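To be precise, the following lines are structure04.cif, and they hold mmCIF, N, CA and C atoms.
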data_query
loop_
_atom_site.label_atom_id
_atom_site.label_comp_id
_atom_site.auth_asym_id
_atom_site.auth_seq_id
_atom_site.Cartn_x
_atom_site.Cartn_y
_atom_site.Cartn_z
N MET A 1406 86.89 58.14 17.00
CA MET A 1406 87.90 58.48 16.02
C MET A 1406 89.26 58.06 16.56
N LEU A 1407 90.00 57.33 15.77
CA LEU A 1407 91.35 56.89 16.12
C LEU A 1407 92.35 57.78 15.41
N THR A 1408 93.30 58.33 16.15
CA THR A 1408 94.32 59.21 15.58
C THR A 1408 95.70 58.72 15.98
N ILE A 1409 96.70 59.19 15.25
CA ILE A 1409 98.10 59.01 15.63
C ILE A 1409 98.75 60.38 15.60
N THR A 1410 99.77 60.55 16.43
CA THR A 1410 100.48 61.83 16.49
C THR A 1410 101.97 61.59 16.50
N ARG A 1411 102.67 62.36 15.69
CA ARG A 1411 104.14 62.32 15.63
C ARG A 1411 104.64 63.72 15.99
N LYS A 1412 105.68 63.77 16.83
CA LYS A 1412 106.28 65.03 17.23
C LYS A 1412 107.66 65.16 16.60
N LEU A 1413 107.96 66.35 16.08
CA LEU A 1413 109.27 66.67 15.52
C LEU A 1413 109.69 68.04 16.02
N GLU A 1414 110.97 68.33 15.95
CA GLU A 1414 111.47 69.64 16.38
C GLU A 1414 112.36 70.23 15.30
N PHE A 1415 112.40 71.55 15.29
CA PHE A 1415 113.30 72.27 14.38
C PHE A 1415 113.59 73.64 14.98
N ASP A 1416 114.66 74.25 14.51
CA ASP A 1416 115.05 75.59 14.95
C ASP A 1416 114.86 76.56 13.81
N ALA A 1417 114.33 77.73 14.11
CA ALA A 1417 114.16 78.76 13.07
C ALA A 1417 114.12 80.13 13.72
N GLY A 1418 114.47 81.12 12.93
CA GLY A 1418 114.42 82.51 13.37
C GLY A 1418 113.26 83.23 12.71
N HIS A 1419 112.85 84.32 13.34
CA HIS A 1419 111.81 85.18 12.77
C HIS A 1419 111.82 86.51 13.51
N ARG A 1420 110.91 87.36 13.13
CA ARG A 1420 110.63 88.57 13.91
C ARG A 1420 109.22 89.01 13.59
N ILE A 1421 108.62 89.72 14.51
CA ILE A 1421 107.28 90.27 14.34
C ILE A 1421 107.49 91.78 14.19
N PRO A 1422 107.55 92.28 12.94
CA PRO A 1422 108.05 93.63 12.67
C PRO A 1422 107.43 94.76 13.48
N ASP A 1423 106.14 94.76 13.70
CA ASP A 1423 105.49 95.90 14.36
C ASP A 1423 105.12 95.63 15.81
N HIS A 1424 105.63 94.55 16.38
CA HIS A 1424 105.23 94.18 17.74
C HIS A 1424 105.78 95.16 18.77
N LYS A 1425 105.03 95.36 19.85
CA LYS A 1425 105.41 96.32 20.89
C LYS A 1425 106.53 95.81 21.80
N SER A 1426 106.80 94.51 21.78
CA SER A 1426 107.81 93.96 22.68
C SER A 1426 109.10 93.64 21.92
N GLN A 1427 109.96 92.86 22.58
CA GLN A 1427 111.23 92.48 21.97
C GLN A 1427 111.06 91.56 20.76
N CYS A 1428 109.87 91.04 20.55
CA CYS A 1428 109.64 90.16 19.41
C CYS A 1428 109.81 90.87 18.06
N ARG A 1429 109.91 92.20 18.09
CA ARG A 1429 110.18 92.94 16.84
C ARG A 1429 111.64 92.78 16.41
N ASN A 1430 112.49 92.27 17.33
CA ASN A 1430 113.90 92.04 17.01
C ASN A 1430 114.09 90.65 16.39
N LEU A 1431 115.17 90.48 15.66
CA LEU A 1431 115.51 89.17 15.12
C LEU A 1431 115.78 88.22 16.28
N HIS A 1432 115.14 87.04 16.26
CA HIS A 1432 115.35 86.05 17.32
C HIS A 1432 114.92 84.69 16.79
N GLY A 1433 115.16 83.66 17.58
CA GLY A 1433 114.82 82.32 17.13
C GLY A 1433 114.18 81.49 18.22
N HIS A 1434 113.66 80.33 17.79
CA HIS A 1434 112.99 79.41 18.70
C HIS A 1434 113.36 77.98 18.35
N ARG A 1435 113.21 77.12 19.33
CA ARG A 1435 113.24 75.67 19.12
C ARG A 1435 111.78 75.26 19.03
N TYR A 1436 111.26 75.15 17.81
CA TYR A 1436 109.86 74.82 17.60
C TYR A 1436 109.63 73.32 17.77
N THR A 1437 108.48 72.98 18.33
CA THR A 1437 108.03 71.59 18.42
C THR A 1437 106.74 71.49 17.61
N LEU A 1438 106.73 70.56 16.69
CA LEU A 1438 105.62 70.35 15.78
C LEU A 1438 104.96 69.02 16.11
N GLU A 1439 103.66 69.03 16.34
CA GLU A 1439 102.90 67.80 16.57
C GLU A 1439 101.92 67.64 15.42
N ILE A 1440 102.01 66.51 14.75
CA ILE A 1440 101.18 66.20 13.59
C ILE A 1440 100.24 65.07 13.97
N THR A 1441 98.95 65.32 13.92
CA THR A 1441 97.95 64.31 14.24
C THR A 1441 97.19 63.94 12.98
N LEU A 1442 97.21 62.64 12.66
CA LEU A 1442 96.55 62.12 11.47
C LEU A 1442 95.38 61.24 11.87
N VAL A 1443 94.39 61.18 11.00
CA VAL A 1443 93.25 60.31 11.18
C VAL A 1443 93.05 59.53 9.89
N GLY A 1444 92.56 58.33 10.01
CA GLY A 1444 92.30 57.49 8.83
C GLY A 1444 91.98 56.09 9.28
N GLU A 1445 91.59 55.28 8.34
CA GLU A 1445 91.30 53.88 8.64
C GLU A 1445 92.60 53.13 8.88
N VAL A 1446 92.56 52.17 9.76
CA VAL A 1446 93.71 51.30 10.00
C VAL A 1446 93.89 50.40 8.78
N ILE A 1447 95.11 50.29 8.32
CA ILE A 1447 95.43 49.45 7.17
C ILE A 1447 95.25 47.99 7.55
N ARG A 1448 94.52 47.27 6.74
CA ARG A 1448 94.27 45.84 6.96
C ARG A 1448 94.71 45.09 5.71
N GLU A 1449 95.99 44.82 5.66
CA GLU A 1449 96.57 44.14 4.49
C GLU A 1449 97.61 43.14 4.99
N GLU A 1450 97.20 41.88 5.07
CA GLU A 1450 98.09 40.83 5.56
C GLU A 1450 99.42 40.86 4.80
N GLY A 1451 100.50 40.75 5.56
CA GLY A 1451 101.83 40.73 4.96
C GLY A 1451 102.42 42.11 4.70
N SER A 1452 101.61 43.16 4.82
CA SER A 1452 102.09 44.52 4.61
C SER A 1452 102.83 45.01 5.85
N SER A 1453 103.89 45.75 5.64
CA SER A 1453 104.64 46.34 6.74
C SER A 1453 103.77 47.29 7.57
N ASP A 1454 102.77 47.90 6.93
CA ASP A 1454 101.91 48.88 7.60
C ASP A 1454 100.63 48.26 8.16
N ASN A 1455 100.48 46.95 8.07
CA ASN A 1455 99.27 46.28 8.55
C ASN A 1455 99.02 46.63 10.02
N GLY A 1456 97.81 47.08 10.32
CA GLY A 1456 97.45 47.45 11.68
C GLY A 1456 97.75 48.89 12.04
N MET A 1457 98.23 49.67 11.10
CA MET A 1457 98.61 51.06 11.37
C MET A 1457 97.75 52.02 10.55
N ILE A 1458 97.60 53.23 11.05
CA ILE A 1458 97.02 54.31 10.24
C ILE A 1458 98.09 54.75 9.24
N MET A 1459 99.31 54.92 9.73
CA MET A 1459 100.48 55.23 8.91
C MET A 1459 101.70 54.93 9.76
N ASP A 1460 102.71 54.37 9.19
CA ASP A 1460 103.95 54.11 9.92
C ASP A 1460 104.55 55.44 10.38
N PHE A 1461 104.93 55.52 11.65
CA PHE A 1461 105.48 56.77 12.19
C PHE A 1461 106.71 57.25 11.43
N SER A 1462 107.51 56.33 10.90
CA SER A 1462 108.68 56.75 10.13
C SER A 1462 108.26 57.43 8.83
N ASP A 1463 107.12 57.02 8.26
CA ASP A 1463 106.61 57.68 7.05
C ASP A 1463 106.01 59.05 7.38
N VAL A 1464 105.36 59.16 8.55
CA VAL A 1464 104.85 60.46 8.99
C VAL A 1464 106.02 61.43 9.08
N LYS A 1465 107.10 60.98 9.71
CA LYS A 1465 108.29 61.82 9.88
C LYS A 1465 108.92 62.17 8.53
N ALA A 1466 109.07 61.19 7.66
CA ALA A 1466 109.73 61.43 6.37
C ALA A 1466 108.98 62.48 5.56
N LEU A 1467 107.67 62.39 5.51
CA LEU A 1467 106.89 63.38 4.75
C LEU A 1467 106.96 64.76 5.38
N ALA A 1468 106.90 64.82 6.72
CA ALA A 1468 107.00 66.11 7.40
C ALA A 1468 108.36 66.76 7.16
N LYS A 1469 109.40 65.96 7.21
CA LYS A 1469 110.75 66.49 6.97
C LYS A 1469 110.89 66.99 5.53
N GLN A 1470 110.41 66.20 4.59
CA GLN A 1470 110.54 66.56 3.17
C GLN A 1470 109.80 67.86 2.83
N HIS A 1471 108.59 67.99 3.33
CA HIS A 1471 107.75 69.11 2.92
C HIS A 1471 107.83 70.34 3.81
N LEU A 1472 108.29 70.18 5.06
CA LEU A 1472 108.28 71.32 5.97
C LEU A 1472 109.52 71.43 6.85
N VAL A 1473 109.80 70.41 7.64
CA VAL A 1473 110.84 70.53 8.67
C VAL A 1473 112.21 70.84 8.06
N ASP A 1474 112.63 70.10 7.06
CA ASP A 1474 113.94 70.36 6.46
C ASP A 1474 113.98 71.71 5.73
N VAL A 1475 112.83 72.19 5.30
CA VAL A 1475 112.76 73.49 4.62
C VAL A 1475 112.89 74.62 5.64
N TRP A 1476 112.24 74.48 6.79
CA TRP A 1476 112.24 75.55 7.80
C TRP A 1476 113.37 75.43 8.81
N ASP A 1477 113.96 74.26 8.98
CA ASP A 1477 114.98 74.07 10.01
C ASP A 1477 116.21 74.93 9.73
N HIS A 1478 116.63 75.68 10.73
CA HIS A 1478 117.78 76.58 10.66
C HIS A 1478 117.65 77.60 9.54
N ALA A 1479 116.41 77.99 9.28
CA ALA A 1479 116.13 79.07 8.33
C ALA A 1479 115.63 80.28 9.11
N PHE A 1480 115.66 81.42 8.46
CA PHE A 1480 114.99 82.60 8.99
C PHE A 1480 113.71 82.73 8.20
N ILE A 1481 112.58 82.73 8.91
CA ILE A 1481 111.27 82.82 8.26
C ILE A 1481 110.86 84.29 8.29
N ALA A 1482 110.77 84.87 7.10
CA ALA A 1482 110.54 86.32 7.00
C ALA A 1482 109.22 86.61 6.29
N TYR A 1483 108.58 87.67 6.75
CA TYR A 1483 107.36 88.18 6.14
C TYR A 1483 107.73 88.84 4.81
N ALA A 1484 107.00 88.55 3.77
CA ALA A 1484 107.30 89.07 2.43
C ALA A 1484 107.39 90.60 2.41
N LYS A 1485 106.60 91.28 3.24
CA LYS A 1485 106.60 92.75 3.24
C LYS A 1485 107.62 93.36 4.20
N ASP A 1486 108.40 92.53 4.88
CA ASP A 1486 109.44 93.02 5.79
C ASP A 1486 110.70 93.26 4.98
N THR A 1487 110.68 94.30 4.17
CA THR A 1487 111.75 94.54 3.19
C THR A 1487 113.11 94.80 3.83
N VAL A 1488 113.14 95.44 4.98
CA VAL A 1488 114.42 95.73 5.64
C VAL A 1488 115.14 94.43 5.97
N VAL A 1489 114.43 93.49 6.57
CA VAL A 1489 115.04 92.21 6.94
C VAL A 1489 115.34 91.39 5.70
N ARG A 1490 114.43 91.38 4.75
CA ARG A 1490 114.66 90.61 3.52
C ARG A 1490 115.92 91.09 2.80
N GLU A 1491 116.10 92.39 2.67
CA GLU A 1491 117.30 92.93 2.01
C GLU A 1491 118.55 92.56 2.79
N PHE A 1492 118.50 92.63 4.12
CA PHE A 1492 119.63 92.24 4.94
C PHE A 1492 119.98 90.76 4.72
N LEU A 1493 118.98 89.89 4.79
CA LEU A 1493 119.23 88.45 4.63
C LEU A 1493 119.74 88.13 3.23
N GLU A 1494 119.24 88.82 2.22
CA GLU A 1494 119.70 88.60 0.85
C GLU A 1494 121.16 89.02 0.67
N SER A 1495 121.66 89.88 1.56
CA SER A 1495 123.07 90.31 1.46
C SER A 1495 124.03 89.27 2.03
N ILE A 1496 123.51 88.26 2.70
CA ILE A 1496 124.34 87.21 3.29
C ILE A 1496 124.41 86.05 2.29
N PRO A 1497 125.58 85.79 1.73
CA PRO A 1497 125.68 84.71 0.73
C PRO A 1497 125.23 83.36 1.28
N GLY A 1498 124.34 82.70 0.54
CA GLY A 1498 123.91 81.36 0.88
C GLY A 1498 123.01 81.26 2.10
N HIS A 1499 122.49 82.37 2.59
CA HIS A 1499 121.65 82.33 3.78
C HIS A 1499 120.35 81.59 3.50
N LYS A 1500 119.92 80.76 4.44
CA LYS A 1500 118.68 79.99 4.31
C LYS A 1500 117.53 80.86 4.83
N THR A 1501 116.72 81.34 3.90
CA THR A 1501 115.60 82.21 4.22
C THR A 1501 114.35 81.63 3.60
N VAL A 1502 113.26 81.64 4.36
CA VAL A 1502 111.95 81.23 3.87
C VAL A 1502 111.06 82.46 3.93
N ILE A 1503 110.47 82.82 2.80
CA ILE A 1503 109.60 83.98 2.72
C ILE A 1503 108.15 83.49 2.74
N ILE A 1504 107.34 84.06 3.64
CA ILE A 1504 105.92 83.72 3.68
C ILE A 1504 105.10 84.99 3.51
N ASP A 1505 103.85 84.83 3.13
CA ASP A 1505 103.01 85.99 2.81
C ASP A 1505 102.24 86.56 4.00
N CYS A 1506 102.65 86.19 5.22
CA CYS A 1506 102.01 86.71 6.43
C CYS A 1506 103.09 86.89 7.50
N ILE A 1507 102.76 87.69 8.50
CA ILE A 1507 103.69 87.91 9.61
C ILE A 1507 103.92 86.58 10.32
N PRO A 1508 105.18 86.19 10.57
CA PRO A 1508 105.47 84.85 11.10
C PRO A 1508 105.22 84.68 12.59
N THR A 1509 103.99 84.96 13.02
CA THR A 1509 103.58 84.64 14.38
C THR A 1509 103.39 83.13 14.45
N VAL A 1510 103.31 82.57 15.65
CA VAL A 1510 103.10 81.13 15.76
C VAL A 1510 101.76 80.74 15.17
N GLU A 1511 100.75 81.62 15.27
CA GLU A 1511 99.45 81.34 14.69
C GLU A 1511 99.55 81.21 13.16
N ASN A 1512 100.22 82.17 12.54
CA ASN A 1512 100.36 82.14 11.08
C ASN A 1512 101.27 81.02 10.61
N LEU A 1513 102.31 80.72 11.39
CA LEU A 1513 103.18 79.60 11.01
C LEU A 1513 102.44 78.27 11.11
N ALA A 1514 101.59 78.12 12.13
CA ALA A 1514 100.80 76.89 12.26
C ALA A 1514 99.85 76.75 11.07
N ARG A 1515 99.19 77.84 10.70
CA ARG A 1515 98.26 77.80 9.56
C ARG A 1515 99.01 77.47 8.26
N THR A 1516 100.16 78.08 8.07
CA THR A 1516 100.96 77.82 6.88
C THR A 1516 101.43 76.37 6.84
N ALA A 1517 101.95 75.89 7.97
CA ALA A 1517 102.41 74.50 8.07
C ALA A 1517 101.27 73.53 7.81
N PHE A 1518 100.08 73.83 8.34
CA PHE A 1518 98.93 72.95 8.14
C PHE A 1518 98.61 72.83 6.65
N GLY A 1519 98.62 73.95 5.96
CA GLY A 1519 98.34 73.91 4.52
C GLY A 1519 99.35 73.09 3.75
N ILE A 1520 100.61 73.20 4.11
CA ILE A 1520 101.67 72.44 3.44
C ILE A 1520 101.51 70.95 3.71
N LEU A 1521 101.31 70.59 4.97
CA LEU A 1521 101.26 69.17 5.34
C LEU A 1521 99.93 68.51 5.00
N LYS A 1522 98.86 69.28 4.97
CA LYS A 1522 97.56 68.72 4.60
C LYS A 1522 97.65 68.05 3.23
N ALA A 1523 98.26 68.73 2.29
CA ALA A 1523 98.41 68.18 0.94
C ALA A 1523 99.35 66.98 0.92
N ALA A 1524 100.37 66.98 1.77
CA ALA A 1524 101.37 65.91 1.77
C ALA A 1524 100.80 64.58 2.26
N TYR A 1525 99.86 64.62 3.20
CA TYR A 1525 99.33 63.39 3.78
C TYR A 1525 98.02 62.91 3.16
N LEU A 1526 97.35 63.76 2.43
CA LEU A 1526 95.99 63.49 1.97
C LEU A 1526 95.84 62.16 1.25
N ASP A 1527 95.13 61.25 1.89
CA ASP A 1527 94.71 59.95 1.34
C ASP A 1527 95.83 59.18 0.64
N ARG A 1528 96.95 59.06 1.30
CA ARG A 1528 98.11 58.38 0.71
C ARG A 1528 97.86 56.91 0.43
N TYR A 1529 96.96 56.28 1.17
CA TYR A 1529 96.76 54.83 1.02
C TYR A 1529 95.36 54.46 0.56
N GLY A 1530 94.53 55.43 0.25
CA GLY A 1530 93.15 55.12 -0.08
C GLY A 1530 92.34 54.72 1.14
N THR A 1531 92.81 55.14 2.33
CA THR A 1531 92.13 54.79 3.59
C THR A 1531 91.51 56.01 4.25
N GLY A 1532 91.42 57.10 3.52
CA GLY A 1532 90.87 58.32 4.11
C GLY A 1532 91.85 59.06 4.99
N LEU A 1533 93.13 58.75 4.88
CA LEU A 1533 94.16 59.41 5.68
C LEU A 1533 94.10 60.91 5.44
N ARG A 1534 94.15 61.67 6.55
CA ARG A 1534 94.19 63.12 6.42
C ARG A 1534 94.79 63.73 7.68
N LEU A 1535 95.31 64.91 7.50
CA LEU A 1535 95.83 65.68 8.63
C LEU A 1535 94.64 66.20 9.42
N HIS A 1536 94.58 65.83 10.68
CA HIS A 1536 93.45 66.21 11.53
C HIS A 1536 93.78 67.45 12.36
N LYS A 1537 94.99 67.48 12.91
CA LYS A 1537 95.38 68.58 13.79
C LYS A 1537 96.88 68.80 13.71
N LEU A 1538 97.26 70.06 13.85
CA LEU A 1538 98.67 70.41 13.91
C LEU A 1538 98.84 71.35 15.10
N VAL A 1539 99.83 71.06 15.93
CA VAL A 1539 100.18 71.91 17.07
C VAL A 1539 101.61 72.38 16.84
N LEU A 1540 101.81 73.69 16.95
CA LEU A 1540 103.16 74.24 16.81
C LEU A 1540 103.50 75.00 18.08
N HIS A 1541 104.47 74.46 18.83
CA HIS A 1541 104.95 75.10 20.06
C HIS A 1541 106.09 76.04 19.69
N GLU A 1542 105.92 77.31 20.03
CA GLU A 1542 106.99 78.27 19.83
C GLU A 1542 107.96 78.23 21.01
N THR A 1543 107.41 78.02 22.17
CA THR A 1543 108.17 77.80 23.41
C THR A 1543 107.46 76.68 24.15
N PRO A 1544 108.04 76.17 25.23
CA PRO A 1544 107.34 75.13 26.00
C PRO A 1544 105.99 75.60 26.54
N ASN A 1545 105.81 76.91 26.69
CA ASN A 1545 104.59 77.43 27.30
C ASN A 1545 103.65 78.14 26.33
N CYS A 1546 104.02 78.25 25.07
CA CYS A 1546 103.21 79.01 24.11
C CYS A 1546 103.12 78.25 22.79
N TRP A 1547 101.89 78.05 22.29
CA TRP A 1547 101.70 77.32 21.05
C TRP A 1547 100.39 77.69 20.38
N ALA A 1548 100.25 77.26 19.15
CA ALA A 1548 99.01 77.42 18.38
C ALA A 1548 98.60 76.05 17.90
N GLU A 1549 97.29 75.85 17.82
CA GLU A 1549 96.73 74.59 17.32
C GLU A 1549 95.76 74.91 16.19
N ILE A 1550 95.77 74.07 15.18
CA ILE A 1550 94.82 74.21 14.09
C ILE A 1550 94.29 72.83 13.75
N THR A 1551 92.98 72.74 13.54
CA THR A 1551 92.36 71.47 13.19
C THR A 1551 91.65 71.58 11.84
N ASP A 1552 91.42 70.44 11.26
CA ASP A 1552 90.73 70.38 9.96
C ASP A 1552 89.23 70.28 10.20
N ASP A 1553 88.66 71.38 10.67
CA ASP A 1553 87.20 71.42 10.93
C ASP A 1553 86.52 72.41 10.02
#
Written as structure tokens, how would this file's structure read?
Amino acid sequence: MLTITRKLEFDAGHRIPDHKSQCRNLHGHRYTLEITLVGEVIREEGSSDNGMIMDFSDVKALAKQHLVDVWDHAFIAYAKDTVVREFLESIPGHKTVIIDCIPTVENLARTAFGILKAAYLDRYGTGLRLHKLVLHETPNCWAEITDD
């Protein structure tokens, strides 16, 4: 199996409301996102993408459009975390992303995978698909999800 991987970074805040440690407080991370795609290599003479699974600039553009630009410099809040949601709603123009699960790195990876899976699915008729997504919350802690 031949794959390609593109790495992007973004900053976002969150909190884990019921956690026993300091993670229950509002805080942020410099997230690193690794997107691994699988598909047939494009074989189209004269095409800019000839010899590629997907041009890395296109991988980046789709990731930014569907996820990175949406989550970058946002506070990602759990829908049931009403205290934080009400606080953030009181700040005019605040960039907040509401998700239906607690924003642990595991849940954020699963959510991101669902968003990006649809964005990349068979864009060229070559079987292109999102194979794996890795989301680093810190340099030493991350979650991985694969399309298995």
Inset, instruction - Determine the residue membership of the PyMOL selection byres (((chain A and resi 1409 and name CA) around 6) and name CA) for the file above and supply it as a ChimeraX atom specification. - result: /A:1408,1410,1441-1442
Legend entry - strand (DSSP E or B) call set, DSSP backbone run, stretch 1446-1533 of chain A, as a ChimeraX atom specification: /A:1479-1483,1501-1504
Inset, instruction - Give as a PyMOL selection string the residues that the PyMOL selection byres ((chain A and resi 1496-1513) around 6) matches when applied to the coordinates above. - result: chain A and resi 1420-1421+1478-1484+1492-1495+1514-1518+1548
Tell me, counting all atoms listed in the file, for each residue of stretch 1504-1553 of chain A within 6 Å of stretch 1434-1437 of chain A, which pair of atoms is nearest and how far apart they are in Å to one decimal, in rows ordered by chain and increasing number, as JSON lines.
{"residue": "A:Val1539", "atom": "C", "partner": "A:Thr1437", "partner_atom": "C", "distance": 5.3}
{"residue": "A:Leu1540", "atom": "CA", "partner": "A:Thr1437", "partner_atom": "C", "distance": 4.6}
{"residue": "A:His1541", "atom": "N", "partner": "A:Thr1437", "partner_atom": "C", "distance": 3.9}
{"residue": "A:Glu1542", "atom": "CA", "partner": "A:Tyr1436", "partner_atom": "CA", "distance": 5.0}
Inset, instruction - One decimal, Å: what's the distance from atom N of A:Gly1532 over to atom CA of A:Ile1447, could you say? - result: 9.4 Å
Inset, instruction - Extract the full set of alpha helix (DSSP H) residues from stretch 1422-1526 of chain A according to DSSP on the backbone, and format it as a PyMOL selection string. - result: chain A and resi 1461-1468+1474-1476+1487-1494+1510-1525
Inset, instruction - Could you give me, as an NGL selection string, the residues within 8 Å of A:Lys1465, counting all atoms listed in the file and dropping anything in the same chain fewer than 6 positions from it? - result: :A and (1411-1413 or 1471)
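With distances restricted to only C-alpha atoms, A:Asp1460 is the closest residue to A:Leu1533 from A:Glu1450, A:Asp1416, A:Asp1423, A:Asp1460.
Atom CA of A:Thr1543 sits 15.1 Å away from atom CA of A:Gln1427.
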Inset, instruction - Measure the distance from atom N of A:Gly1456 to atom CA of A:Ile1440 in Å and round it to one decimal. - result: 19.7 Å
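Residues of protein, DNA and RNA with at least one atom no farther than 12 Å from (95.5, 59.8, 2.7) are, using only C-alpha atoms, Leu1442, Val1443, Gly1444, Glu1445, Val1446, Ile1447, Ile1458, Met1459, Val1464, Leu1521, Lys1522, Ala1523, Ala1524, Tyr1525, Leu1526, Asp1527, Arg1528, Tyr1529, Gly1530, Thr1531, Gly1532, Leu1533, Arg1534, Leu1535 and His1536 of chain A.
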Fill-in result for stretch 1530-1537 of chain A, all heavy atoms as an mmCIF file, in the coordinates of the input:
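Produced file out_6.cif, reproduced below:
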data_model
loop_
_atom_site.group_PDB
_atom_site.id
_atom_site.type_symbol
_atom_site.label_atom_id
_atom_site.label_comp_id
_atom_site.auth_asym_id
_atom_site.auth_seq_id
_atom_site.Cartn_x
_atom_site.Cartn_y
_atom_site.Cartn_z
ATOM 1 N N GLY A 1530 94.530 55.430 0.250
ATOM 2 C CA GLY A 1530 93.150 55.120 -0.080
ATOM 3 C C GLY A 1530 92.340 54.720 1.140
ATOM 4 O O GLY A 1530 91.315 54.059 1.022
ATOM 5 N N THR A 1531 92.810 55.140 2.330
ATOM 6 C CA THR A 1531 92.130 54.790 3.590
ATOM 7 C C THR A 1531 91.510 56.010 4.250
ATOM 8 O O THR A 1531 91.131 55.948 5.418
ATOM 9 C CB THR A 1531 93.139 54.152 4.573
ATOM 10 O OG1 THR A 1531 94.203 55.097 4.801
ATOM 11 C CG2 THR A 1531 93.693 52.841 4.053
ATOM 12 N N GLY A 1532 91.420 57.100 3.520
ATOM 13 C CA GLY A 1532 90.870 58.320 4.110
ATOM 14 C C GLY A 1532 91.850 59.060 4.990
ATOM 15 O O GLY A 1532 91.459 59.927 5.768
ATOM 16 N N LEU A 1533 93.130 58.750 4.880
ATOM 17 C CA LEU A 1533 94.160 59.410 5.680
ATOM 18 C C LEU A 1533 94.100 60.910 5.440
ATOM 19 O O LEU A 1533 94.013 61.361 4.300
ATOM 20 C CB LEU A 1533 95.550 58.888 5.316
ATOM 21 C CG LEU A 1533 96.713 59.500 6.102
ATOM 22 C CD1 LEU A 1533 96.724 58.961 7.524
ATOM 23 C CD2 LEU A 1533 98.025 59.208 5.419
ATOM 24 N N ARG A 1534 94.150 61.670 6.550
ATOM 25 C CA ARG A 1534 94.190 63.120 6.420
ATOM 26 C C ARG A 1534 94.790 63.730 7.680
ATOM 27 O O ARG A 1534 94.769 63.128 8.751
ATOM 28 C CB ARG A 1534 92.806 63.702 6.142
ATOM 29 C CG ARG A 1534 91.823 63.552 7.260
ATOM 30 C CD ARG A 1534 90.444 64.137 6.894
ATOM 31 N NE ARG A 1534 89.455 63.776 7.881
ATOM 32 C CZ ARG A 1534 89.250 64.423 9.030
ATOM 33 N NH1 ARG A 1534 89.981 65.474 9.327
ATOM 34 N NH2 ARG A 1534 88.330 64.009 9.865
ATOM 35 N N LEU A 1535 95.310 64.910 7.500
ATOM 36 C CA LEU A 1535 95.830 65.680 8.630
ATOM 37 C C LEU A 1535 94.640 66.200 9.420
ATOM 38 O O LEU A 1535 93.786 66.899 8.885
ATOM 39 C CB LEU A 1535 96.691 66.846 8.123
ATOM 40 C CG LEU A 1535 97.325 67.755 9.153
ATOM 41 C CD1 LEU A 1535 98.236 66.975 10.099
ATOM 42 C CD2 LEU A 1535 98.103 68.865 8.461
ATOM 43 N N HIS A 1536 94.580 65.830 10.680
ATOM 44 C CA HIS A 1536 93.450 66.210 11.530
ATOM 45 C C HIS A 1536 93.780 67.450 12.360
ATOM 46 O O HIS A 1536 92.972 68.350 12.501
ATOM 47 C CB HIS A 1536 93.080 65.047 12.456
ATOM 48 C CG HIS A 1536 92.072 65.403 13.488
ATOM 49 N ND1 HIS A 1536 90.780 65.754 13.171
ATOM 50 C CD2 HIS A 1536 92.161 65.490 14.851
ATOM 51 C CE1 HIS A 1536 90.119 66.026 14.288
ATOM 52 N NE2 HIS A 1536 90.936 65.874 15.309
ATOM 53 N N LYS A 1537 94.990 67.480 12.910
ATOM 54 C CA LYS A 1537 95.380 68.580 13.790
ATOM 55 C C LYS A 1537 96.880 68.800 13.710
ATOM 56 O O LYS A 1537 97.644 67.862 13.534
ATOM 57 C CB LYS A 1537 94.980 68.256 15.238
ATOM 58 C CG LYS A 1537 95.317 69.341 16.238
ATOM 59 C CD LYS A 1537 94.650 69.082 17.572
ATOM 60 C CE LYS A 1537 95.615 68.589 18.597
ATOM 61 N NZ LYS A 1537 95.047 68.510 19.954
#
